[in-house]
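Accompanying notes for the structure given below.
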Amino acid sequence: MPTFPQRHKGVHVRSYVRTRFGNLENVCSHWRTHPGQMNLFD
């Protein structure tokens with residue numbers, strides 16, 4: 001697995017397989033914002 005720089009306000013997501021619109025998708029590892037960090041409707 002490649003190494004990624006540390007993110008202060010992020011969460012690393014491992015690669016996984018998901019079903020979307022009835023098709024299987026391989027999702028690669030990536031960084032995303034921490035759950036609850038974005039408050040869109042406040």
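Going through the structure tokens in order, the chains are called A, B, and so on, while each chain numbers its residues from 1 and the ligands are numbered from 1 in the order shown.
The environment of Arg32 of chain A within 8 Å, counting only C-alpha atoms and disregarding residues fewer than 3 places along the same chain, consists of Gly10, Val11, His12 and Val13 of chain A.
Reported to one decimal place, the separation of atom CA of Ser29 of chain A from atom CA of Tyr16 of chain A is 7.7 Å.
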So that I can see what lies close to Val17 of chain A, please list as a PyMOL selection string the residues with an atom at most 8 Å from it, counting only C-alpha atoms and leaving out residues fewer than 3 positions away in the same chain.
chain A and resi 24-27
